[in-house]
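Coordinates from upload-v6.pdb are shown below (PDB, N, CA, C and O atoms).
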ATOM      1  N   MET D1421     187.456  71.665 144.808
ATOM      2  CA  MET D1421     188.584  71.266 145.614
ATOM      3  C   MET D1421     189.323  70.142 144.886
ATOM      4  O   MET D1421     188.720  69.309 144.235
ATOM      5  N   ALA D1422     190.629  70.126 145.029
ATOM      6  CA  ALA D1422     191.472  69.147 144.356
ATOM      7  C   ALA D1422     192.134  68.223 145.373
ATOM      8  O   ALA D1422     192.323  68.582 146.528
ATOM      9  N   ILE D1423     192.502  67.050 144.901
ATOM     10  CA  ILE D1423     193.241  66.080 145.707
ATOM     11  C   ILE D1423     194.726  66.358 145.519
ATOM     12  O   ILE D1423     195.195  66.511 144.395
ATOM     13  N   LEU D1424     195.465  66.433 146.618
ATOM     14  CA  LEU D1424     196.911  66.623 146.555
ATOM     15  C   LEU D1424     197.566  65.250 146.458
ATOM     16  O   LEU D1424     197.408  64.411 147.345
ATOM     17  N   ILE D1425     198.296  65.015 145.377
ATOM     18  CA  ILE D1425     198.955  63.736 145.150
ATOM     19  C   ILE D1425     200.452  63.926 145.342
ATOM     20  O   ILE D1425     201.133  64.543 144.514
ATOM     21  N   THR D1426     200.960  63.436 146.472
ATOM     22  CA  THR D1426     202.403  63.503 146.700
ATOM     23  C   THR D1426     203.069  62.371 145.939
ATOM     24  O   THR D1426     202.544  61.272 145.854
ATOM     25  N   GLY D1427     204.223  62.673 145.359
ATOM     26  CA  GLY D1427     204.909  61.672 144.557
ATOM     27  C   GLY D1427     204.203  61.382 143.247
ATOM     28  O   GLY D1427     204.385  60.325 142.651
ATOM     29  N   GLY D1428     203.421  62.314 142.787
ATOM     30  CA  GLY D1428     202.606  62.097 141.595
ATOM     31  C   GLY D1428     203.368  61.974 140.292
ATOM     32  O   GLY D1428     202.817  61.530 139.302
ATOM     33  N   ALA D1429     204.634  62.349 140.281
ATOM     34  CA  ALA D1429     205.415  62.249 139.047
ATOM     35  C   ALA D1429     206.121  60.905 138.921
ATOM     36  O   ALA D1429     206.744  60.628 137.906
ATOM     37  N   GLY D1430     206.017  60.068 139.934
ATOM     38  CA  GLY D1430     206.642  58.749 139.896
ATOM     39  C   GLY D1430     205.765  57.723 139.197
ATOM     40  O   GLY D1430     204.688  58.025 138.691
ATOM     41  N   TYR D1431     206.226  56.493 139.187
ATOM     42  CA  TYR D1431     205.534  55.422 138.471
ATOM     43  C   TYR D1431     204.126  55.190 139.024
ATOM     44  O   TYR D1431     203.142  55.254 138.280
ATOM     45  N   ILE D1432     204.032  54.936 140.310
ATOM     46  CA  ILE D1432     202.722  54.670 140.910
ATOM     47  C   ILE D1432     201.855  55.929 140.875
ATOM     48  O   ILE D1432     200.667  55.875 140.551
ATOM     49  N   GLY D1433     202.458  57.062 141.191
ATOM     50  CA  GLY D1433     201.713  58.309 141.193
ATOM     51  C   GLY D1433     201.133  58.657 139.836
ATOM     52  O   GLY D1433     199.981  59.091 139.733
ATOM     53  N   SER D1434     201.906  58.465 138.783
ATOM     54  CA  SER D1434     201.414  58.813 137.445
ATOM     55  C   SER D1434     200.242  57.919 137.037
ATOM     56  O   SER D1434     199.288  58.390 136.416
ATOM     57  N   HIS D1435     200.292  56.654 137.406
ATOM     58  CA  HIS D1435     199.166  55.770 137.119
ATOM     59  C   HIS D1435     197.944  56.152 137.954
ATOM     60  O   HIS D1435     196.807  56.069 137.480
ATOM     61  N   THR D1436     198.186  56.605 139.170
ATOM     62  CA  THR D1436     197.096  57.076 140.028
ATOM     63  C   THR D1436     196.417  58.294 139.411
ATOM     64  O   THR D1436     195.188  58.412 139.437
ATOM     65  N   LEU D1437     197.209  59.191 138.833
ATOM     66  CA  LEU D1437     196.648  60.386 138.199
ATOM     67  C   LEU D1437     195.697  60.026 137.062
ATOM     68  O   LEU D1437     194.628  60.632 136.918
ATOM     69  N   ILE D1438     196.082  59.047 136.273
ATOM     70  CA  ILE D1438     195.234  58.634 135.151
ATOM     71  C   ILE D1438     193.907  58.089 135.665
ATOM     72  O   ILE D1438     192.837  58.436 135.141
ATOM     73  N   GLU D1439     193.957  57.277 136.702
ATOM     74  CA  GLU D1439     192.724  56.712 137.259
ATOM     75  C   GLU D1439     191.857  57.794 137.899
ATOM     76  O   GLU D1439     190.630  57.767 137.773
ATOM     77  N   LEU D1440     192.479  58.754 138.566
ATOM     78  CA  LEU D1440     191.708  59.861 139.151
ATOM     79  C   LEU D1440     191.039  60.690 138.053
ATOM     80  O   LEU D1440     189.881  61.087 138.186
ATOM     81  N   ALA D1441     191.769  60.946 136.975
ATOM     82  CA  ALA D1441     191.193  61.701 135.857
ATOM     83  C   ALA D1441     190.034  60.936 135.237
ATOM     84  O   ALA D1441     189.001  61.531 134.908
ATOM     85  N   ASN D1442     190.190  59.620 135.097
ATOM     86  CA  ASN D1442     189.109  58.795 134.545
ATOM     87  C   ASN D1442     187.865  58.822 135.430
ATOM     88  O   ASN D1442     186.753  58.660 134.935
ATOM     89  N   ALA D1443     188.072  59.037 136.724
ATOM     90  CA  ALA D1443     186.949  59.107 137.668
ATOM     91  C   ALA D1443     186.478  60.547 137.880
ATOM     92  O   ALA D1443     185.693  60.828 138.784
ATOM     93  N   ASN D1444     186.980  61.477 137.045
ATOM     94  CA  ASN D1444     186.578  62.894 137.071
ATOM     95  C   ASN D1444     186.971  63.636 138.346
ATOM     96  O   ASN D1444     186.263  64.548 138.774
ATOM     97  N   TYR D1445     188.086  63.261 138.950
ATOM     98  CA  TYR D1445     188.613  64.001 140.097
ATOM     99  C   TYR D1445     189.619  65.034 139.615
ATOM    100  O   TYR D1445     190.354  64.800 138.647
ATOM    101  N   ASP D1446     189.676  66.158 140.306
ATOM    102  CA  ASP D1446     190.709  67.156 140.080
ATOM    103  C   ASP D1446     191.856  66.865 141.039
ATOM    104  O   ASP D1446     191.634  66.422 142.168
ATOM    105  N   PHE D1447     193.079  67.130 140.604
ATOM    106  CA  PHE D1447     194.224  66.845 141.454
ATOM    107  C   PHE D1447     195.347  67.830 141.193
ATOM    108  O   PHE D1447     195.388  68.497 140.158
ATOM    109  N   VAL D1448     196.240  67.923 142.167
ATOM    110  CA  VAL D1448     197.458  68.712 142.081
ATOM    111  C   VAL D1448     198.597  67.778 142.461
ATOM    112  O   VAL D1448     198.509  67.054 143.455
ATOM    113  N   VAL D1449     199.656  67.785 141.672
ATOM    114  CA  VAL D1449     200.810  66.929 141.927
ATOM    115  C   VAL D1449     201.853  67.709 142.720
ATOM    116  O   VAL D1449     202.210  68.835 142.367
ATOM    117  N   TYR D1450     202.330  67.084 143.788
ATOM    118  CA  TYR D1450     203.371  67.659 144.647
ATOM    119  C   TYR D1450     204.497  66.633 144.704
ATOM    120  O   TYR D1450     204.303  65.521 145.195
ATOM    121  N   ASP D1451     205.666  66.980 144.172
ATOM    122  CA  ASP D1451     206.749  66.001 144.068
ATOM    123  C   ASP D1451     208.080  66.742 144.106
ATOM    124  O   ASP D1451     208.193  67.846 143.582
ATOM    125  N   ASN D1452     209.090  66.116 144.711
ATOM    126  CA  ASN D1452     210.416  66.737 144.737
ATOM    127  C   ASN D1452     211.306  66.264 143.585
ATOM    128  O   ASN D1452     212.449  66.688 143.469
ATOM    129  N   LEU D1453     210.787  65.389 142.750
ATOM    130  CA  LEU D1453     211.464  64.887 141.553
ATOM    131  C   LEU D1453     212.769  64.150 141.862
ATOM    132  O   LEU D1453     213.635  64.031 141.003
ATOM    133  N   SER D1454     212.916  63.633 143.070
ATOM    134  CA  SER D1454     214.143  62.912 143.409
ATOM    135  C   SER D1454     214.197  61.542 142.740
ATOM    136  O   SER D1454     215.286  61.041 142.452
ATOM    137  N   ASN D1455     213.051  60.919 142.517
ATOM    138  CA  ASN D1455     212.996  59.612 141.856
ATOM    139  C   ASN D1455     212.021  59.620 140.684
ATOM    140  O   ASN D1455     211.424  58.591 140.359
ATOM    141  N   SER D1456     211.840  60.790 140.093
ATOM    142  CA  SER D1456     210.843  60.914 139.030
ATOM    143  C   SER D1456     211.248  62.046 138.096
ATOM    144  O   SER D1456     212.308  62.631 138.244
ATOM    145  N   SER D1457     210.356  62.356 137.169
ATOM    146  CA  SER D1457     210.668  63.364 136.169
ATOM    147  C   SER D1457     209.394  64.073 135.730
ATOM    148  O   SER D1457     208.314  63.488 135.734
ATOM    149  N   LYS D1458     209.549  65.323 135.321
ATOM    150  CA  LYS D1458     208.409  66.059 134.774
ATOM    151  C   LYS D1458     207.910  65.431 133.476
ATOM    152  O   LYS D1458     206.773  65.637 133.083
ATOM    153  N   GLU D1459     208.771  64.668 132.826
ATOM    154  CA  GLU D1459     208.389  64.003 131.577
ATOM    155  C   GLU D1459     207.190  63.088 131.793
ATOM    156  O   GLU D1459     206.308  62.996 130.933
ATOM    157  N   SER D1460     207.137  62.403 132.926
ATOM    158  CA  SER D1460     206.000  61.515 133.189
ATOM    159  C   SER D1460     204.701  62.311 133.285
ATOM    160  O   SER D1460     203.647  61.832 132.872
ATOM    161  N   LEU D1461     204.772  63.534 133.778
ATOM    162  CA  LEU D1461     203.572  64.364 133.869
ATOM    163  C   LEU D1461     203.116  64.826 132.488
ATOM    164  O   LEU D1461     201.921  64.947 132.233
ATOM    165  N   LYS D1462     204.068  65.061 131.590
ATOM    166  CA  LYS D1462     203.710  65.397 130.210
ATOM    167  C   LYS D1462     202.987  64.220 129.554
ATOM    168  O   LYS D1462     202.009  64.406 128.834
ATOM    169  N   ARG D1463     203.471  63.017 129.834
ATOM    170  CA  ARG D1463     202.828  61.828 129.272
ATOM    171  C   ARG D1463     201.421  61.644 129.826
ATOM    172  O   ARG D1463     200.491  61.305 129.088
ATOM    173  N   VAL D1464     201.266  61.881 131.129
ATOM    174  CA  VAL D1464     199.937  61.786 131.737
ATOM    175  C   VAL D1464     199.007  62.806 131.098
ATOM    176  O   VAL D1464     197.865  62.500 130.758
ATOM    177  N   ALA D1465     199.488  64.036 130.923
ATOM    178  CA  ALA D1465     198.668  65.087 130.318
ATOM    179  C   ALA D1465     198.210  64.686 128.916
ATOM    180  O   ALA D1465     197.065  64.940 128.531
ATOM    181  N   ASN D1466     199.083  64.041 128.165
ATOM    182  CA  ASN D1466     198.706  63.569 126.822
ATOM    183  C   ASN D1466     197.640  62.483 126.890
ATOM    184  O   ASN D1466     196.746  62.436 126.054
ATOM    185  N   ILE D1467     197.741  61.621 127.872
ATOM    186  CA  ILE D1467     196.782  60.526 128.006
ATOM    187  C   ILE D1467     195.408  61.033 128.440
ATOM    188  O   ILE D1467     194.387  60.615 127.903
ATOM    189  N   ILE D1468     195.396  61.969 129.404
ATOM    190  CA  ILE D1468     194.109  62.429 129.948
ATOM    191  C   ILE D1468     193.562  63.649 129.217
ATOM    192  O   ILE D1468     192.467  64.111 129.511
ATOM    193  N   HIS D1469     194.354  64.204 128.287
ATOM    194  CA  HIS D1469     193.945  65.374 127.500
ATOM    195  C   HIS D1469     193.610  66.563 128.400
ATOM    196  O   HIS D1469     192.612  67.264 128.196
ATOM    197  N   LYS D1470     194.461  66.764 129.381
ATOM    198  CA  LYS D1470     194.256  67.855 130.338
ATOM    199  C   LYS D1470     195.610  68.211 130.943
ATOM    200  O   LYS D1470     196.439  67.327 131.179
ATOM    201  N   ASP D1471     195.836  69.500 131.188
ATOM    202  CA  ASP D1471     197.075  69.919 131.841
ATOM    203  C   ASP D1471     197.127  69.371 133.261
ATOM    204  O   ASP D1471     196.099  69.264 133.935
ATOM    205  N   VAL D1472     198.335  69.060 133.706
ATOM    206  CA  VAL D1472     198.548  68.580 135.073
ATOM    207  C   VAL D1472     199.156  69.719 135.878
ATOM    208  O   VAL D1472     200.185  70.284 135.490
ATOM    209  N   ILE D1473     198.520  70.069 136.967
ATOM    210  CA  ILE D1473     199.046  71.111 137.848
ATOM    211  C   ILE D1473     200.144  70.482 138.700
ATOM    212  O   ILE D1473     199.923  69.489 139.392
ATOM    213  N   PHE D1474     201.340  71.061 138.644
ATOM    214  CA  PHE D1474     202.501  70.508 139.330
ATOM    215  C   PHE D1474     203.131  71.543 140.240
ATOM    216  O   PHE D1474     203.334  72.696 139.842
ATOM    217  N   ILE D1475     203.451  71.120 141.462
ATOM    218  CA  ILE D1475     204.195  71.942 142.407
ATOM    219  C   ILE D1475     205.414  71.141 142.832
ATOM    220  O   ILE D1475     205.283  70.016 143.323
ATOM    221  N   GLU D1476     206.595  71.715 142.614
ATOM    222  CA  GLU D1476     207.806  71.028 143.042
ATOM    223  C   GLU D1476     208.058  71.342 144.511
ATOM    224  O   GLU D1476     208.126  72.505 144.912
ATOM    225  N   GLY D1477     208.136  70.292 145.310
ATOM    226  CA  GLY D1477     208.376  70.476 146.731
ATOM    227  C   GLY D1477     208.552  69.145 147.428
ATOM    228  O   GLY D1477     208.235  68.091 146.881
ATOM    229  N   ASP D1478     209.072  69.214 148.626
ATOM    230  CA  ASP D1478     209.336  68.032 149.438
ATOM    231  C   ASP D1478     208.356  68.002 150.606
ATOM    232  O   ASP D1478     208.112  69.042 151.226
ATOM    233  N   VAL D1479     207.821  66.835 150.905
ATOM    234  CA  VAL D1479     206.846  66.735 151.994
ATOM    235  C   VAL D1479     207.468  67.066 153.338
ATOM    236  O   VAL D1479     206.753  67.350 154.302
ATOM    237  N   ARG D1480     208.784  67.055 153.437
ATOM    238  CA  ARG D1480     209.453  67.414 154.698
ATOM    239  C   ARG D1480     209.511  68.921 154.902
ATOM    240  O   ARG D1480     209.841  69.391 155.992
ATOM    241  N   ASP D1481     209.180  69.686 153.877
ATOM    242  CA  ASP D1481     209.173  71.149 153.963
ATOM    243  C   ASP D1481     207.788  71.584 154.444
ATOM    244  O   ASP D1481     206.885  71.862 153.644
ATOM    245  N   THR D1482     207.622  71.637 155.749
ATOM    246  CA  THR D1482     206.298  71.900 156.319
ATOM    247  C   THR D1482     205.770  73.292 155.968
ATOM    248  O   THR D1482     204.574  73.458 155.774
ATOM    249  N   GLN D1483     206.647  74.272 155.847
ATOM    250  CA  GLN D1483     206.193  75.622 155.499
ATOM    251  C   GLN D1483     205.613  75.643 154.092
ATOM    252  O   GLN D1483     204.545  76.216 153.860
ATOM    253  N   LYS D1484     206.279  74.996 153.161
ATOM    254  CA  LYS D1484     205.765  74.967 151.788
ATOM    255  C   LYS D1484     204.445  74.198 151.725
ATOM    256  O   LYS D1484     203.520  74.589 151.014
ATOM    257  N   LEU D1485     204.346  73.099 152.469
ATOM    258  CA  LEU D1485     203.095  72.340 152.497
ATOM    259  C   LEU D1485     201.947  73.190 153.038
ATOM    260  O   LEU D1485     200.838  73.148 152.504
ATOM    261  N   LYS D1486     202.209  73.978 154.073
ATOM    262  CA  LYS D1486     201.177  74.868 154.608
ATOM    263  C   LYS D1486     200.712  75.847 153.539
ATOM    264  O   LYS D1486     199.517  76.105 153.394
ATOM    265  N   GLU D1487     201.652  76.392 152.790
ATOM    266  CA  GLU D1487     201.309  77.329 151.712
ATOM    267  C   GLU D1487     200.464  76.635 150.633
ATOM    268  O   GLU D1487     199.494  77.210 150.144
ATOM    269  N   VAL D1488     200.838  75.423 150.284
ATOM    270  CA  VAL D1488     200.099  74.675 149.263
ATOM    271  C   VAL D1488     198.679  74.421 149.739
ATOM    272  O   VAL D1488     197.704  74.658 149.007
ATOM    273  N   PHE D1489     198.534  73.946 150.976
ATOM    274  CA  PHE D1489     197.182  73.672 151.501
ATOM    275  C   PHE D1489     196.368  74.956 151.568
ATOM    276  O   PHE D1489     195.181  74.960 151.204
ATOM    277  N   PHE D1490     196.956  76.044 151.984
ATOM    278  CA  PHE D1490     196.234  77.311 152.062
ATOM    279  C   PHE D1490     195.761  77.724 150.676
ATOM    280  O   PHE D1490     194.610  78.121 150.498
ATOM    281  N   ASN D1491     196.636  77.610 149.675
ATOM    282  CA  ASN D1491     196.289  78.013 148.315
ATOM    283  C   ASN D1491     195.246  77.092 147.695
ATOM    284  O   ASN D1491     194.439  77.515 146.877
ATOM    285  N   LEU D1492     195.268  75.814 148.063
ATOM    286  CA  LEU D1492     194.265  74.879 147.528
ATOM    287  C   LEU D1492     192.899  75.119 148.149
ATOM    288  O   LEU D1492     191.873  74.910 147.496
ATOM    289  N   LEU D1493     192.879  75.550 149.387
ATOM    290  CA  LEU D1493     191.615  75.740 150.085
ATOM    291  C   LEU D1493     190.992  77.104 149.813
ATOM    292  O   LEU D1493     189.775  77.263 149.913
ATOM    293  N   TYR D1494     191.818  78.095 149.490
ATOM    294  CA  TYR D1494     191.281  79.455 149.320
ATOM    295  C   TYR D1494     191.588  80.017 147.981
ATOM    296  O   TYR D1494     192.393  79.881 147.278
TER     297      TYR D1494
END
Please rewrite the model in this file as structure tokens.
Amino acid sequence: MAILITGGAGYIGSHTLIELANANYDFVVYDNLSNSSKESLKRVANIIHKDVIFIEGDVRDTQKLKEVFFNLLY
């Protein structure tokens, strides 16, 4: 099972991803990229030597969130 990190492509989120990777947690990034960029996820991937799973979406989109949770659980 993975941790869903909303806003993971932003400044705080990207630093959180590095710490989660260092602690051997799996995670999925969910971000609408309104205040961030996919470039930060590329940088995180280079630092942790692992691909970052990214889903573009907004937390206000409840239908998409339901789909994400369903796919993460099953």
Within 12 Å of Ala1441 of chain D, counting only C-alpha atoms, which residues qualify if same-chain residues fewer than 4 places away don't, as a PyMOL selection string? chain D and resi 1422-1423+1434-1437+1445-1448+1464-1472
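When the PyMOL selection byres (((chain D and resi 1455 and name CA) around 12) and name CA) is evaluated against the file, it yields Gly1427, Gly1428, Ala1429, Gly1430, Tyr1431, Ile1432, Gly1433, Asp1451, Asn1452, Leu1453, Ser1454, Ser1456, Ser1457, Lys1458, Ser1460 and Asp1478 of chain D.
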May I have the residues within 6 Å of Val1449 of chain D as an MDAnalysis selection string, using only N, CA, C and O atoms and disregarding those fewer than 4 positions away in the same chain? chainID D and resid 1423:1426 1428 1473:1476
Prev. selection, N, CA, C and O atoms, output as a PDB file, in the coordinates of the input:
ATOM      1  N   ILE D1423     192.502  67.050 144.901  1.00  0.00           N
ATOM      2  CA  ILE D1423     193.241  66.080 145.707  1.00  0.00           C
ATOM      3  C   ILE D1423     194.726  66.358 145.519  1.00  0.00           C
ATOM      4  O   ILE D1423     195.195  66.511 144.395  1.00  0.00           O
ATOM      5  N   LEU D1424     195.465  66.433 146.618  1.00  0.00           N
ATOM      6  CA  LEU D1424     196.911  66.623 146.555  1.00  0.00           C
ATOM      7  C   LEU D1424     197.566  65.250 146.458  1.00  0.00           C
ATOM      8  O   LEU D1424     197.408  64.411 147.345  1.00  0.00           O
ATOM      9  N   ILE D1425     198.296  65.015 145.377  1.00  0.00           N
ATOM     10  CA  ILE D1425     198.955  63.736 145.150  1.00  0.00           C
ATOM     11  C   ILE D1425     200.452  63.926 145.342  1.00  0.00           C
ATOM     12  O   ILE D1425     201.133  64.543 144.514  1.00  0.00           O
ATOM     13  N   THR D1426     200.960  63.436 146.472  1.00  0.00           N
ATOM     14  CA  THR D1426     202.403  63.503 146.700  1.00  0.00           C
ATOM     15  C   THR D1426     203.069  62.371 145.939  1.00  0.00           C
ATOM     16  O   THR D1426     202.544  61.272 145.854  1.00  0.00           O
ATOM     17  N   GLY D1428     203.421  62.314 142.787  1.00  0.00           N
ATOM     18  CA  GLY D1428     202.606  62.097 141.595  1.00  0.00           C
ATOM     19  C   GLY D1428     203.368  61.974 140.292  1.00  0.00           C
ATOM     20  O   GLY D1428     202.817  61.530 139.302  1.00  0.00           O
ATOM     21  N   ILE D1473     198.520  70.069 136.967  1.00  0.00           N
ATOM     22  CA  ILE D1473     199.046  71.111 137.848  1.00  0.00           C
ATOM     23  C   ILE D1473     200.144  70.482 138.700  1.00  0.00           C
ATOM     24  O   ILE D1473     199.923  69.489 139.392  1.00  0.00           O
ATOM     25  N   PHE D1474     201.340  71.061 138.644  1.00  0.00           N
ATOM     26  CA  PHE D1474     202.501  70.508 139.330  1.00  0.00           C
ATOM     27  C   PHE D1474     203.131  71.543 140.240  1.00  0.00           C
ATOM     28  O   PHE D1474     203.334  72.696 139.842  1.00  0.00           O
ATOM     29  N   ILE D1475     203.451  71.120 141.462  1.00  0.00           N
ATOM     30  CA  ILE D1475     204.195  71.942 142.407  1.00  0.00           C
ATOM     31  C   ILE D1475     205.414  71.141 142.832  1.00  0.00           C
ATOM     32  O   ILE D1475     205.283  70.016 143.323  1.00  0.00           O
ATOM     33  N   GLU D1476     206.595  71.715 142.614  1.00  0.00           N
ATOM     34  CA  GLU D1476     207.806  71.028 143.042  1.00  0.00           C
ATOM     35  C   GLU D1476     208.058  71.342 144.511  1.00  0.00           C
ATOM     36  O   GLU D1476     208.126  72.505 144.912  1.00  0.00           O
TER      37      GLU D1476
END
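Taking atom O of Met1421 of chain D and atom O of Asn1491 of chain D as the two end points, the separation is 10.3 Å.
Of note, atom CA of Ala1443 of chain D and atom CA of Lys1462 of chain D are spaced 19.4 Å apart.
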Looking only at strand (DSSP E or B) from DSSP on the backbone, list the matching residues of chain D as a PyMOL selection string. chain D and resi 1423-1426+1447-1451+1473-1476
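When atom CA of Asn1442 of chain D is paired with atom CA of Phe1490 of chain D, their separation reads 26.5 Å.
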From a backbone DSSP assignment, name each residue in chain D labelled helix (DSSP H, G or I), as a PyMOL selection string. chain D and resi 1431-1442+1458-1468+1482-1493
Could segment 1425-1434 of chain D be completed with all heavy atoms and written as a PDB file, keeping the file's coordinate frame, please?
ATOM      1  N   ILE D1425     198.296  65.015 145.377  1.00  0.00           N
ATOM      2  CA  ILE D1425     198.955  63.736 145.150  1.00  0.00           C
ATOM      3  C   ILE D1425     200.452  63.926 145.342  1.00  0.00           C
ATOM      4  O   ILE D1425     201.133  64.543 144.514  1.00  0.00           O
ATOM      5  CB  ILE D1425     198.680  63.195 143.724  1.00  0.00           C
ATOM      6  CG1 ILE D1425     197.188  63.098 143.465  1.00  0.00           C
ATOM      7  CG2 ILE D1425     199.378  61.857 143.523  1.00  0.00           C
ATOM      8  CD1 ILE D1425     196.470  62.121 144.370  1.00  0.00           C
ATOM      9  N   THR D1426     200.960  63.436 146.472  1.00  0.00           N
ATOM     10  CA  THR D1426     202.403  63.503 146.700  1.00  0.00           C
ATOM     11  C   THR D1426     203.069  62.371 145.939  1.00  0.00           C
ATOM     12  O   THR D1426     202.544  61.272 145.854  1.00  0.00           O
ATOM     13  CB  THR D1426     202.729  63.410 148.196  1.00  0.00           C
ATOM     14  OG1 THR D1426     202.231  62.170 148.713  1.00  0.00           O
ATOM     15  CG2 THR D1426     202.111  64.567 148.974  1.00  0.00           C
ATOM     16  N   GLY D1427     204.223  62.673 145.359  1.00  0.00           N
ATOM     17  CA  GLY D1427     204.909  61.672 144.557  1.00  0.00           C
ATOM     18  C   GLY D1427     204.203  61.382 143.247  1.00  0.00           C
ATOM     19  O   GLY D1427     204.385  60.325 142.651  1.00  0.00           O
ATOM     20  N   GLY D1428     203.421  62.314 142.787  1.00  0.00           N
ATOM     21  CA  GLY D1428     202.606  62.097 141.595  1.00  0.00           C
ATOM     22  C   GLY D1428     203.368  61.974 140.292  1.00  0.00           C
ATOM     23  O   GLY D1428     202.817  61.530 139.302  1.00  0.00           O
ATOM     24  N   ALA D1429     204.634  62.349 140.281  1.00  0.00           N
ATOM     25  CA  ALA D1429     205.415  62.249 139.047  1.00  0.00           C
ATOM     26  C   ALA D1429     206.121  60.905 138.921  1.00  0.00           C
ATOM     27  O   ALA D1429     206.744  60.628 137.906  1.00  0.00           O
ATOM     28  CB  ALA D1429     206.451  63.380 138.975  1.00  0.00           C
ATOM     29  N   GLY D1430     206.017  60.068 139.934  1.00  0.00           N
ATOM     30  CA  GLY D1430     206.642  58.749 139.896  1.00  0.00           C
ATOM     31  C   GLY D1430     205.765  57.723 139.197  1.00  0.00           C
ATOM     32  O   GLY D1430     204.688  58.025 138.691  1.00  0.00           O
ATOM     33  N   TYR D1431     206.226  56.493 139.187  1.00  0.00           N
ATOM     34  CA  TYR D1431     205.534  55.422 138.471  1.00  0.00           C
ATOM     35  C   TYR D1431     204.126  55.190 139.024  1.00  0.00           C
ATOM     36  O   TYR D1431     203.142  55.254 138.280  1.00  0.00           O
ATOM     37  CB  TYR D1431     206.358  54.128 138.547  1.00  0.00           C
ATOM     38  CG  TYR D1431     205.694  52.974 137.851  1.00  0.00           C
ATOM     39  CD1 TYR D1431     205.760  52.852 136.468  1.00  0.00           C
ATOM     40  CD2 TYR D1431     204.980  52.021 138.559  1.00  0.00           C
ATOM     41  CE1 TYR D1431     205.141  51.805 135.809  1.00  0.00           C
ATOM     42  CE2 TYR D1431     204.356  50.961 137.914  1.00  0.00           C
ATOM     43  CZ  TYR D1431     204.441  50.860 136.548  1.00  0.00           C
ATOM     44  OH  TYR D1431     203.812  49.831 135.905  1.00  0.00           O
ATOM     45  N   ILE D1432     204.032  54.936 140.310  1.00  0.00           N
ATOM     46  CA  ILE D1432     202.722  54.670 140.910  1.00  0.00           C
ATOM     47  C   ILE D1432     201.855  55.929 140.875  1.00  0.00           C
ATOM     48  O   ILE D1432     200.667  55.875 140.551  1.00  0.00           O
ATOM     49  CB  ILE D1432     202.871  54.138 142.345  1.00  0.00           C
ATOM     50  CG1 ILE D1432     203.548  52.763 142.314  1.00  0.00           C
ATOM     51  CG2 ILE D1432     201.525  54.067 143.051  1.00  0.00           C
ATOM     52  CD1 ILE D1432     203.957  52.237 143.665  1.00  0.00           C
ATOM     53  N   GLY D1433     202.458  57.062 141.191  1.00  0.00           N
ATOM     54  CA  GLY D1433     201.713  58.309 141.193  1.00  0.00           C
ATOM     55  C   GLY D1433     201.133  58.657 139.836  1.00  0.00           C
ATOM     56  O   GLY D1433     199.981  59.091 139.733  1.00  0.00           O
ATOM     57  N   SER D1434     201.906  58.465 138.783  1.00  0.00           N
ATOM     58  CA  SER D1434     201.414  58.813 137.445  1.00  0.00           C
ATOM     59  C   SER D1434     200.242  57.919 137.037  1.00  0.00           C
ATOM     60  O   SER D1434     199.288  58.390 136.416  1.00  0.00           O
ATOM     61  CB  SER D1434     202.542  58.744 136.421  1.00  0.00           C
ATOM     62  OG  SER D1434     203.075  57.443 136.329  1.00  0.00           O
TER      63      SER D1434
END
